[in-house]
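Visitor: I'd like to ask some things about the structure below.
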Amino acid sequence: MKFKLLVALGATLVFSGAATAGATLDAVKSKGFVQCGVSTGLPGFSAADEKGQFTGIDVDMCRGVAAAIFGDPGKVKYSPLTAKERFTALQSGEIDILPRNTTWTYTRDTSLGLNFTGVNYYDGQGFLVTKSLGVKSATELDGASFCIQAGTTTELNLADYFRANKMSYTPITFDTSDQTVKAFEAGRCDALTSDQSQLYALRIKLEDPKSAMVLPEVISKEPLGPVVRQGDDEWFNIVKWMLFAMVNGEELGVTSANVDEMKAKSTDPNVRRLLGIEGVKGEWMGVPDDWGYNIIKHVGNYGEVFERNVGEGSPLGISRGLNALWSKGGIQYAPPVR
Amino acid sequence: MATDKPTQTSASKVALWRLPAFRAIVFQALLVVAIGAFGYYLLNNTLQNMEQRGITTGFGFLSNAAGFGILQSLIPYDETYTYGRTFFVGLLNTLLVAGLGIFFATFIGFFVGVARLSRNWLVARLATVYIETFRNIPLLLQIMFWYFAVLRPLPLPRQSINMGDTVFLNNRGLFFPRPVAEDGFGLVWLALLAAIIGVAVLARWAHKRQDATGQPFPIYSVGTAVILGLPLLVFLISGAPMHFDYPALKGFNFKGGLEVIPELAALVLALSIYTGAFIAEAVRSGILSVTHGQTEAAFALGLRPQVTLKLVIIPQAMRVIIPQLTSQYLNLTKNSSLATAIGYPDLVSVFAGTTLNQTGQAVEVIAMTMGVYLTISLLISMFMNWYNKRKQLVER
């Protein structure tokens with residue numbers, strides 16, 4: 001897979017001509033689906049279920065984009081990628097969007113030829129330890145070994161945290177999060193470190209989830225969001241406003257259940273603009289006028305997406321916290337559709 | 001003018017482009033220019049495309065601070081060092097695995113290859129089973145198998161297997177005391193150097209004497225005794241200027257001493273067992289390529305079986321074995337890049353993995369990594385070709 005990607009990157013960079021604005025949307029329309037880069041299996045974010053269907057909060061980003069363009073959230077194909085492969089896959093044009101629990105950082109935004117379109121999950125790095133280790137806080141982890149996934153901000157944060165606290169540590173780096181879990185279970189490391197949401201997701205994968213616990217410390221800011229290639233503003237707008245539409249939908253109380261009723265009866269101009277009935281045109285970013293309606297109808301508003309995949313009703317059972325709307329104590333906020 | 005140079009006249013009879021030698025040179029030159037131009041076009045286009053897509057290019061990133069830790073490093077390293085340093089850390093880890101792997105694979109290969117030809121039915125069958133099993137299972141699976149086979153049964157650090165309070169084994173690795181040289185240890189090195197030079201001189205003399213008189217000299221046993229004995233003697237006389245740094249359990253794991261991480265053990269084990277099976281077949285084919293008549297002739301001359309093997313069969317078998325051995329060494333070195341599957345920090349895992357991902361400079365990083373494997377492989381190849389030439393049949 002890795003090799004294939006590198007060849008693809010090499011081939012596109014070496015042989016192809018220049019990228020132009022609008023190219024991605026045209027290509028997506030002509031092939032009839034969105035190619036979506038997801039993780040190799042992270043419950044709640046992007047994982048295939050027993051029927052081979054991908055689900056998760058990241059998967060819903062791609063479904064939202066497909067709904068906005070085609071009015072059909074099923075027009076998505078998935079490319080499972082390791083953390084190491086993800087940027088190469090996007091740069092090479094192998095995928096159209098990368099919503100793969102990817103942290104927005106300065107380096108990635110400015111030097112990789114990529115753009116972050118927004119934040120679909122505000123996360124922070126934490127530690128998972130076995131209860132039998134008897135550790136209650138990350139500050140007791142001096143000298144411990146950590147299983148980490150390669151090519152993540154986690155690797156850097158871990159180094160920063162231990163350096164800042166003048167503690168020593170041993171990193172053991174694997175390609176996929178599955179491998180980190182296996183090594184953690186085999187006792188190769190004392191703790192597994194990753195974004196907190198992931199720790200809850202990976203804990204479910206343990207043979208005995210109750211034997212492990214997540215430590216209270218959060219050692220970093222990890223704003224996760226969908227990424228697109230730099231230089232195609234139209235596509236950038238579509239992905240960005242797809243997420244904004246979901247957040248606005250929750251704020252305005254539009255859900256997948258009541259969206260048809262709202263469309264028929266609502267007199268609120270904010271709702272009418274979001275659903276494409278009046279005021280704004282979809283063609284400004286190259287999609288049908290009812291793009292907002294399609295996203296909420298087929299995928300749901302942000303609150304629904306969150307609850308369904310990672311929320312308190314899901315196996316992960318994560319509370320909204322930072323990811324609540326700005327009006328409800330969180331920091332999820334979207335510019336208005338007008 | 002034309003009269004004093006008859007060759008020129010004869011050449012001028014034929015047009016230059018009709019000369020085969022000239023045409024050959026022109027076409028080859030054209031081909032080189034065309035390939036060069038194509039290469040330049042590709043490079044130029046790549047750089048242009050990367051520029052347009054806003055991807056940073058160049059090797060400036062090598063001097064930026066890396067900011068991540070690495071499990072095993074043979075040179076001083078921590079997260080404040082540069083990305084350039086991670087290149088060398090990864091490179092040395094790769095060389096370590098390749099070196100150890102080649103050593104053990106050669107050992108296993110020769111042993112099993114000879115065993116397969118044994119007249120003992122059981123030994124020969126066991127060797128066959130070994131070869132057919134390990135040669136036919138994908139290497140990646142074997143690496144994973146050994147990793148978890150090594151890791152699972154071992155205890156946690158606090159329940160380490162304790163061997164005389166000096167060597168400890170747990171699922172974080174094998175820990176043993178590290179010898180630390182004190183003042184005056186330099187003498188021991190000097191003694192070792194002197195012993196090696198002395199043995200080399202002795203070997204030359206023994207060889208000459210045997211050529212002249214036919215009288216053999218037990219150079220191997222004497223040489224070993226001198227090389228081991230002289231430094232040891234100096235060491236004891238100078239009052240044993242060395243102490244050991246013992247590993248001790250501190251917090252989560254052992255500190256101090258030397259450490260062999262399970263990733264290294266699993267990788268070396270898998271690589272040498274896998275490649276050893278191939279080398280065994282190369283050895284077997286080499287030995288079988290020496291006709292039985294050679295053995296019979298040697299016996300007829302009154303040589304003992306041991307001497308026959310050493311002086312008649314092996315030198316001739318080596319001519320067949322070495323080229324195959326070269327390929328296997330190259331394979332092993334390149335296969336060591338599978339290390340990334342079990343988290344051993346080799347060049348591919350550290351540099352073409354983490355560094356690539358943190359900097360995003362795929363083209364530069366991959367080019368450097370490919371350059372390294374190419375260089376290592378060419379060096380091994382060069383050495384083996386040189387060795388092959390020395391061992392080849394000298395035709396008189």
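Please note that chains go A, B, ... in the order of the structure tokens, that every chain numbers its residues from 1, and that ligands are numbered from 1 in the order shown.
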Ala186 (chain A): which residues within 10 Å, counting only C-alpha atoms, same-chain residues fewer than 4 positions away excluded, as a list in words?
Guide: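 Those residues are Thr180, Val181 and Lys182 of chain A; Phe148, Leu151, Arg152, Pro153, Leu154, Pro155, Leu156 and Asn171 of chain B.
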Visitor: Dump N, CA and C atoms for the selected residues as a short mmCIF file (atom, residue, chain, number, x, y, z; two decimals), in the first residue's frame?
Guide:
```cif
data_model
loop_
_atom_site.label_atom_id
_atom_site.label_comp_id
_atom_site.auth_asym_id
_atom_site.auth_seq_id
_atom_site.Cartn_x
_atom_site.Cartn_y
_atom_site.Cartn_z
N THR A 180 -0.40 -1.07 17.78
CA THR A 180 -0.09 -0.51 19.10
C THR A 180 -0.92 -1.22 20.17
N VAL A 181 -2.17 -1.55 19.83
CA VAL A 181 -3.01 -2.24 20.80
C VAL A 181 -2.46 -3.63 21.09
N LYS A 182 -2.05 -4.34 20.04
CA LYS A 182 -1.51 -5.69 20.21
C LYS A 182 -0.27 -5.66 21.10
N PHE B 148 5.88 -11.84 18.33
CA PHE B 148 4.92 -12.15 19.38
C PHE B 148 5.29 -13.44 20.11
N LEU B 151 7.76 -12.19 22.54
CA LEU B 151 7.22 -11.24 23.50
C LEU B 151 6.24 -11.84 24.50
N ARG B 152 5.29 -12.64 23.98
CA ARG B 152 4.18 -13.10 24.81
C ARG B 152 4.59 -13.86 26.06
N PRO B 153 5.50 -14.86 25.92
CA PRO B 153 5.76 -15.68 27.11
C PRO B 153 6.64 -14.99 28.15
N LEU B 154 7.27 -13.89 27.78
CA LEU B 154 8.19 -13.27 28.73
C LEU B 154 7.45 -12.48 29.81
N PRO B 155 8.03 -12.45 31.00
CA PRO B 155 7.35 -11.78 32.11
C PRO B 155 7.52 -10.26 32.05
N LEU B 156 6.72 -9.55 32.84
CA LEU B 156 6.85 -8.10 32.97
C LEU B 156 8.16 -7.78 33.72
N ASN B 171 9.90 -8.83 29.10
CA ASN B 171 9.35 -8.51 27.79
C ASN B 171 9.76 -7.13 27.28
#
```
Visitor: For region 210-223 of chain A, please output as a PyMOL selection string all residues within 6 Å (counting only C-alpha atoms; exclusion window: fewer than 2 positions along the same chain).
Guide: chain A and resi 103-104+119+122-131+137+208
Visitor: Can I get the selected residues back with N, CA and C atoms, as a PDB file, in the first residue's frame?
Guide:
```pdb
ATOM      1  N   THR A 103      -4.729  15.855  13.034  1.00  0.00           N
ATOM      2  CA  THR A 103      -4.577  17.089  13.791  1.00  0.00           C
ATOM      3  C   THR A 103      -4.128  18.242  12.903  1.00  0.00           C
ATOM      4  N   TRP A 104      -4.780  19.359  13.086  1.00  0.00           N
ATOM      5  CA  TRP A 104      -4.460  20.581  12.366  1.00  0.00           C
ATOM      6  C   TRP A 104      -3.241  21.218  13.028  1.00  0.00           C
ATOM      7  N   VAL A 119     -12.799  21.929  11.972  1.00  0.00           N
ATOM      8  CA  VAL A 119     -12.558  20.974  13.048  1.00  0.00           C
ATOM      9  C   VAL A 119     -13.837  20.194  13.294  1.00  0.00           C
ATOM     10  N   TYR A 122     -12.778  18.253  18.529  1.00  0.00           N
ATOM     11  CA  TYR A 122     -11.704  18.841  19.340  1.00  0.00           C
ATOM     12  C   TYR A 122     -11.216  17.790  20.315  1.00  0.00           C
ATOM     13  N   ASP A 123      -9.943  17.413  20.162  1.00  0.00           N
ATOM     14  CA  ASP A 123      -9.413  16.302  20.948  1.00  0.00           C
ATOM     15  C   ASP A 123      -8.169  16.748  21.706  1.00  0.00           C
ATOM     16  N   GLY A 124      -7.612  15.845  22.514  1.00  0.00           N
ATOM     17  CA  GLY A 124      -6.373  16.112  23.223  1.00  0.00           C
ATOM     18  C   GLY A 124      -5.719  14.784  23.535  1.00  0.00           C
ATOM     19  N   GLN A 125      -4.392  14.804  23.652  1.00  0.00           N
ATOM     20  CA  GLN A 125      -3.686  13.526  23.840  1.00  0.00           C
ATOM     21  C   GLN A 125      -3.724  13.048  25.279  1.00  0.00           C
ATOM     22  N   GLY A 126      -3.916  11.763  25.444  1.00  0.00           N
ATOM     23  CA  GLY A 126      -3.951  11.176  26.780  1.00  0.00           C
ATOM     24  C   GLY A 126      -3.222   9.843  26.829  1.00  0.00           C
ATOM     25  N   PHE A 127      -3.356   9.157  27.959  1.00  0.00           N
ATOM     26  CA  PHE A 127      -2.646   7.890  28.160  1.00  0.00           C
ATOM     27  C   PHE A 127      -3.611   6.797  28.598  1.00  0.00           C
ATOM     28  N   LEU A 128      -3.399   5.609  28.045  1.00  0.00           N
ATOM     29  CA  LEU A 128      -4.155   4.435  28.459  1.00  0.00           C
ATOM     30  C   LEU A 128      -3.179   3.500  29.182  1.00  0.00           C
ATOM     31  N   VAL A 129      -3.524   3.093  30.395  1.00  0.00           N
ATOM     32  CA  VAL A 129      -2.645   2.179  31.133  1.00  0.00           C
ATOM     33  C   VAL A 129      -3.467   1.010  31.668  1.00  0.00           C
ATOM     34  N   THR A 130      -2.775  -0.095  31.973  1.00  0.00           N
ATOM     35  CA  THR A 130      -3.492  -1.187  32.615  1.00  0.00           C
ATOM     36  C   THR A 130      -3.698  -0.819  34.083  1.00  0.00           C
ATOM     37  N   LYS A 131      -4.838  -1.239  34.613  1.00  0.00           N
ATOM     38  CA  LYS A 131      -5.128  -0.878  36.004  1.00  0.00           C
ATOM     39  C   LYS A 131      -4.107  -1.491  36.951  1.00  0.00           C
ATOM     40  N   SER A 137      -1.727   8.921  37.621  1.00  0.00           N
ATOM     41  CA  SER A 137      -1.519  10.180  36.926  1.00  0.00           C
ATOM     42  C   SER A 137      -0.334  10.058  35.967  1.00  0.00           C
ATOM     43  N   ASP A 208      -9.905  -7.498  27.234  1.00  0.00           N
ATOM     44  CA  ASP A 208     -10.651  -7.171  28.450  1.00  0.00           C
ATOM     45  C   ASP A 208     -10.596  -5.653  28.659  1.00  0.00           C
TER      46      ASP A 208
END
```
Visitor: With a distance threshold of 6 Å and counting only C-alpha atoms, extract the residues of chain A near chain B and express them as a JSON list (two decimals) with N, CA and C atoms, in the first residue's frame.
Guide:
```json
[["chain", "number", "residue", "atom", "x", "y", "z"],
["A", 13, "LEU", "N", 3.54, 13.66, -9.47],
["A", 13, "LEU", "CA", 4.43, 14.81, -9.38],
["A", 13, "LEU", "C", 5.36, 14.88, -10.57],
["A", 14, "VAL", "N", 5.82, 13.70, -11.01],
["A", 14, "VAL", "CA", 6.81, 13.68, -12.06],
["A", 14, "VAL", "C", 6.20, 13.97, -13.42],
["A", 84, "LYS", "N", 1.04, 7.23, 8.42],
["A", 84, "LYS", "CA", 2.19, 7.57, 7.60],
["A", 84, "LYS", "C", 1.81, 7.80, 6.15],
["A", 111, "SER", "N", 3.24, 23.59, 4.93],
["A", 111, "SER", "CA", 4.36, 23.08, 4.13],
["A", 111, "SER", "C", 4.04, 21.81, 3.35],
["A", 112, "LEU", "N", 2.85, 21.24, 3.52],
["A", 112, "LEU", "CA", 2.58, 19.98, 2.84],
["A", 112, "LEU", "C", 1.74, 20.15, 1.58],
["A", 113, "GLY", "N", 1.36, 21.39, 1.27],
["A", 113, "GLY", "CA", 0.49, 21.59, 0.12],
["A", 113, "GLY", "C", -0.93, 21.14, 0.42],
["A", 144, "ALA", "N", 8.73, 5.17, 31.80],
["A", 144, "ALA", "CA", 7.85, 4.15, 31.23],
["A", 144, "ALA", "C", 8.05, 4.02, 29.71],
["A", 150, "ALA", "N", 3.14, 5.59, 14.43],
["A", 150, "ALA", "CA", 4.14, 6.41, 13.74],
["A", 150, "ALA", "C", 3.49, 7.48, 12.89],
["A", 151, "GLY", "N", 4.20, 8.61, 12.77],
["A", 151, "GLY", "CA", 3.75, 9.66, 11.86],
["A", 151, "GLY", "C", 2.60, 10.47, 12.41],
["A", 155, "GLU", "N", 3.53, 11.42, 18.61],
["A", 155, "GLU", "CA", 4.95, 11.16, 18.79],
["A", 155, "GLU", "C", 5.68, 12.41, 19.29],
["A", 156, "LEU", "N", 5.31, 13.54, 18.71],
["A", 156, "LEU", "CA", 5.98, 14.80, 19.05],
["A", 156, "LEU", "C", 5.54, 15.31, 20.42],
["A", 159, "ALA", "N", 7.20, 13.45, 23.28],
["A", 159, "ALA", "CA", 8.58, 13.92, 23.48],
["A", 159, "ALA", "C", 8.57, 15.27, 24.20],
["A", 170, "THR", "N", 10.48, 5.68, 26.87],
["A", 170, "THR", "CA", 10.91, 4.87, 25.73],
["A", 170, "THR", "C", 9.77, 4.78, 24.74],
["A", 171, "PRO", "N", 9.96, 5.28, 23.51],
["A", 171, "PRO", "CA", 8.87, 5.18, 22.52],
["A", 171, "PRO", "C", 9.01, 3.89, 21.71],
["A", 172, "ILE", "N", 7.89, 3.19, 21.50],
["A", 172, "ILE", "CA", 7.89, 2.03, 20.61],
["A", 172, "ILE", "C", 6.84, 2.31, 19.54],
["A", 173, "THR", "N", 7.31, 2.49, 18.32],
["A", 173, "THR", "CA", 6.48, 3.08, 17.28],
["A", 173, "THR", "C", 6.00, 2.04, 16.27],
["A", 174, "PHE", "N", 4.70, 2.00, 16.04],
["A", 174, "PHE", "CA", 4.12, 1.05, 15.08],
["A", 174, "PHE", "C", 3.38, 1.80, 13.98],
["A", 186, "ALA", "N", 0.35, -7.29, 24.71],
["A", 186, "ALA", "CA", 1.45, -8.24, 24.94],
["A", 186, "ALA", "C", 2.38, -7.75, 26.04],
["A", 188, "ARG", "N", 4.36, -5.10, 25.92],
["A", 188, "ARG", "CA", 5.60, -4.50, 25.44],
["A", 188, "ARG", "C", 5.77, -3.09, 26.00]]
```
Visitor: Please identify which residues in region 171-395 of chain B DSSP calls strand (DSSP E) from the backbone, and express them as a list in words.
Guide: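 Strand (DSSP E) members of region 171-395 of chain B, listed: Gly173, Leu174, Phe175, Phe176, Arg178, Pro179, Val180, Ala181, Met242, His243, Phe244, Asp245, Ala248, Leu249, Lys250, Asn253, Phe254, Lys255, Leu258, Glu259 and Val260 of chain B.
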Visitor: Could you save the residues just selected, with N, CA and C atoms, as a PDB file, in the first residue's frame?
Guide:
```pdb
ATOM      1  N   GLY B 173      13.105  -6.636  27.089  1.00  0.00           N
ATOM      2  CA  GLY B 173      14.412  -6.908  26.502  1.00  0.00           C
ATOM      3  C   GLY B 173      15.285  -7.779  27.385  1.00  0.00           C
ATOM      4  N   LEU B 174      16.490  -8.008  26.888  1.00  0.00           N
ATOM      5  CA  LEU B 174      17.499  -8.764  27.624  1.00  0.00           C
ATOM      6  C   LEU B 174      18.525  -7.759  28.121  1.00  0.00           C
ATOM      7  N   PHE B 175      18.758  -7.770  29.416  1.00  0.00           N
ATOM      8  CA  PHE B 175      19.665  -6.793  30.012  1.00  0.00           C
ATOM      9  C   PHE B 175      20.875  -7.503  30.568  1.00  0.00           C
ATOM     10  N   PHE B 176      22.072  -7.063  30.192  1.00  0.00           N
ATOM     11  CA  PHE B 176      23.260  -7.642  30.805  1.00  0.00           C
ATOM     12  C   PHE B 176      24.293  -6.565  31.084  1.00  0.00           C
ATOM     13  N   ARG B 178      27.303  -4.018  31.300  1.00  0.00           N
ATOM     14  CA  ARG B 178      28.126  -3.384  30.275  1.00  0.00           C
ATOM     15  C   ARG B 178      29.535  -3.222  30.833  1.00  0.00           C
ATOM     16  N   PRO B 179      30.554  -3.742  30.111  1.00  0.00           N
ATOM     17  CA  PRO B 179      31.919  -3.553  30.573  1.00  0.00           C
ATOM     18  C   PRO B 179      32.334  -2.096  30.379  1.00  0.00           C
ATOM     19  N   VAL B 180      32.897  -1.511  31.422  1.00  0.00           N
ATOM     20  CA  VAL B 180      33.350  -0.121  31.318  1.00  0.00           C
ATOM     21  C   VAL B 180      34.859  -0.106  31.511  1.00  0.00           C
ATOM     22  N   ALA B 181      35.575   0.407  30.508  1.00  0.00           N
ATOM     23  CA  ALA B 181      37.036   0.424  30.575  1.00  0.00           C
ATOM     24  C   ALA B 181      37.503   1.489  31.553  1.00  0.00           C
ATOM     25  N   MET B 242      39.026  -2.715  34.566  1.00  0.00           N
ATOM     26  CA  MET B 242      37.686  -2.670  33.976  1.00  0.00           C
ATOM     27  C   MET B 242      36.655  -3.002  35.059  1.00  0.00           C
ATOM     28  N   HIS B 243      35.494  -2.356  34.994  1.00  0.00           N
ATOM     29  CA  HIS B 243      34.416  -2.777  35.882  1.00  0.00           C
ATOM     30  C   HIS B 243      33.138  -2.907  35.069  1.00  0.00           C
ATOM     31  N   PHE B 244      32.112  -3.447  35.678  1.00  0.00           N
ATOM     32  CA  PHE B 244      30.853  -3.652  34.958  1.00  0.00           C
ATOM     33  C   PHE B 244      29.782  -2.714  35.481  1.00  0.00           C
ATOM     34  N   ASP B 245      28.973  -2.229  34.519  1.00  0.00           N
ATOM     35  CA  ASP B 245      27.814  -1.426  34.879  1.00  0.00           C
ATOM     36  C   ASP B 245      26.616  -2.377  34.860  1.00  0.00           C
ATOM     37  N   ALA B 248      19.839  -2.423  36.722  1.00  0.00           N
ATOM     38  CA  ALA B 248      19.078  -2.475  37.967  1.00  0.00           C
ATOM     39  C   ALA B 248      17.658  -2.007  37.706  1.00  0.00           C
ATOM     40  N   LEU B 249      16.726  -2.622  38.391  1.00  0.00           N
ATOM     41  CA  LEU B 249      15.318  -2.262  38.212  1.00  0.00           C
ATOM     42  C   LEU B 249      15.045  -0.911  38.862  1.00  0.00           C
ATOM     43  N   LYS B 250      14.662   0.056  38.012  1.00  0.00           N
ATOM     44  CA  LYS B 250      14.326   1.385  38.543  1.00  0.00           C
ATOM     45  C   LYS B 250      12.998   1.796  37.943  1.00  0.00           C
ATOM     46  N   ASN B 253      11.363  -0.050  34.555  1.00  0.00           N
ATOM     47  CA  ASN B 253      12.206  -0.957  33.791  1.00  0.00           C
ATOM     48  C   ASN B 253      13.639  -0.925  34.315  1.00  0.00           C
ATOM     49  N   PHE B 254      14.469  -1.747  33.700  1.00  0.00           N
ATOM     50  CA  PHE B 254      15.864  -1.786  34.086  1.00  0.00           C
ATOM     51  C   PHE B 254      16.615  -0.606  33.488  1.00  0.00           C
ATOM     52  N   LYS B 255      17.537  -0.077  34.274  1.00  0.00           N
ATOM     53  CA  LYS B 255      18.388   1.014  33.790  1.00  0.00           C
ATOM     54  C   LYS B 255      19.832   0.550  33.872  1.00  0.00           C
ATOM     55  N   LEU B 258      23.788  -3.202  29.261  1.00  0.00           N
ATOM     56  CA  LEU B 258      23.475  -3.278  27.834  1.00  0.00           C
ATOM     57  C   LEU B 258      22.096  -3.887  27.670  1.00  0.00           C
ATOM     58  N   GLU B 259      21.412  -3.454  26.627  1.00  0.00           N
ATOM     59  CA  GLU B 259      20.039  -3.902  26.442  1.00  0.00           C
ATOM     60  C   GLU B 259      19.850  -4.412  25.022  1.00  0.00           C
ATOM     61  N   VAL B 260      19.235  -5.585  24.895  1.00  0.00           N
ATOM     62  CA  VAL B 260      18.832  -6.062  23.570  1.00  0.00           C
ATOM     63  C   VAL B 260      17.314  -6.011  23.531  1.00  0.00           C
TER      64      VAL B 260
END
```
Visitor: Pick the closest to Ser238 (chain B) from B:Val372, B:Ala191, B:Ile314, B:Ala34: which is it, counting only C-alpha atoms?
Guide: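 Ranked by minimum distance to Ser238 (chain B), first place goes to B:Ala191.
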Visitor: I want to know what sits within 8 Å of Thr255 (chain A), based on only C-alpha atoms, with residues of the same chain fewer than 5 positions away left out; could you give that as a PyMOL selection string?
Guide: chain A and resi 249-250+296-297+300-301+304
Visitor: Atoms to include: C-alpha atoms. Write the selected residues as a compact mmCIF listing (two decimals), in the first residue's frame.
Guide:
```
# COMPACT_ATOMS: atom_id res chain seq x y z
CA GLY A 249 -28.21 22.69 11.39
CA GLU A 250 -27.78 21.69 15.01
CA ILE A 296 -28.93 17.21 6.96
CA LYS A 297 -31.52 14.94 5.40
CA GLY A 300 -27.74 14.62 9.91
CA ASN A 301 -26.68 17.73 11.78
CA GLU A 304 -26.72 13.80 15.39
```
Visitor: So that I can check the secondary structure, give me every residue of region 83-171 of chain A assigned alpha helix (DSSP H) by backbone DSSP, as a PyMOL selection string.
Guide: chain A and resi 86-91+106-111+153-164
Visitor: Please produce a file of those selected residues containing C-alpha atoms, as a compact mmCIF listing (two decimals), in the first residue's frame.
Guide:
```txt
# COMPACT_ATOMS: atom_id res chain seq x y z
CA ARG A 86 -2.32 9.69 4.61
CA PHE A 87 -0.71 12.92 3.40
CA THR A 88 1.03 11.25 0.49
CA ALA A 89 -2.30 9.78 -0.60
CA LEU A 90 -3.92 13.21 -0.58
CA GLN A 91 -0.99 15.01 -2.24
CA TYR A 106 1.08 24.80 11.38
CA THR A 107 3.57 22.53 9.59
CA ARG A 108 0.89 20.42 7.98
CA ASP A 109 -1.20 23.40 6.93
CA THR A 110 1.66 25.40 5.44
CA SER A 111 4.36 23.08 4.13
CA THR A 153 1.50 14.49 16.37
CA THR A 154 1.31 12.08 19.31
CA GLU A 155 4.95 11.16 18.79
CA LEU A 156 5.98 14.80 19.05
CA ASN A 157 3.70 15.69 21.97
CA LEU A 158 4.99 12.76 23.98
CA ALA A 159 8.58 13.92 23.48
CA ASP A 160 7.61 17.52 24.39
CA TYR A 161 5.70 16.50 27.50
CA PHE A 162 8.48 14.36 28.91
CA ARG A 163 11.12 16.91 28.10
CA ALA A 164 9.12 19.71 29.71
```
Visitor: Go through A:Glu185, A:Asp289, A:Asp58, A:Glu94 and flag the residue nearest Leu224 (chain A), using only C-alpha atoms for the distances.
Guide: A:Asp58
Visitor: Would you mind listing what lies within 10 Å of Glu278 (chain A) as number ranges by chain, with only C-alpha atoms counted and same-chain residues fewer than 6 positions away left out?
Guide: A: 269-272, 289-290, 338
Visitor: I'd like to know which of A:Asn248, A:Thr24, A:Thr102, A:Ser194 is closest to Ala334 (chain A), using only C-alpha atoms.
Guide: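 Closest residue, counting only C-alpha atoms: A:Asn248.
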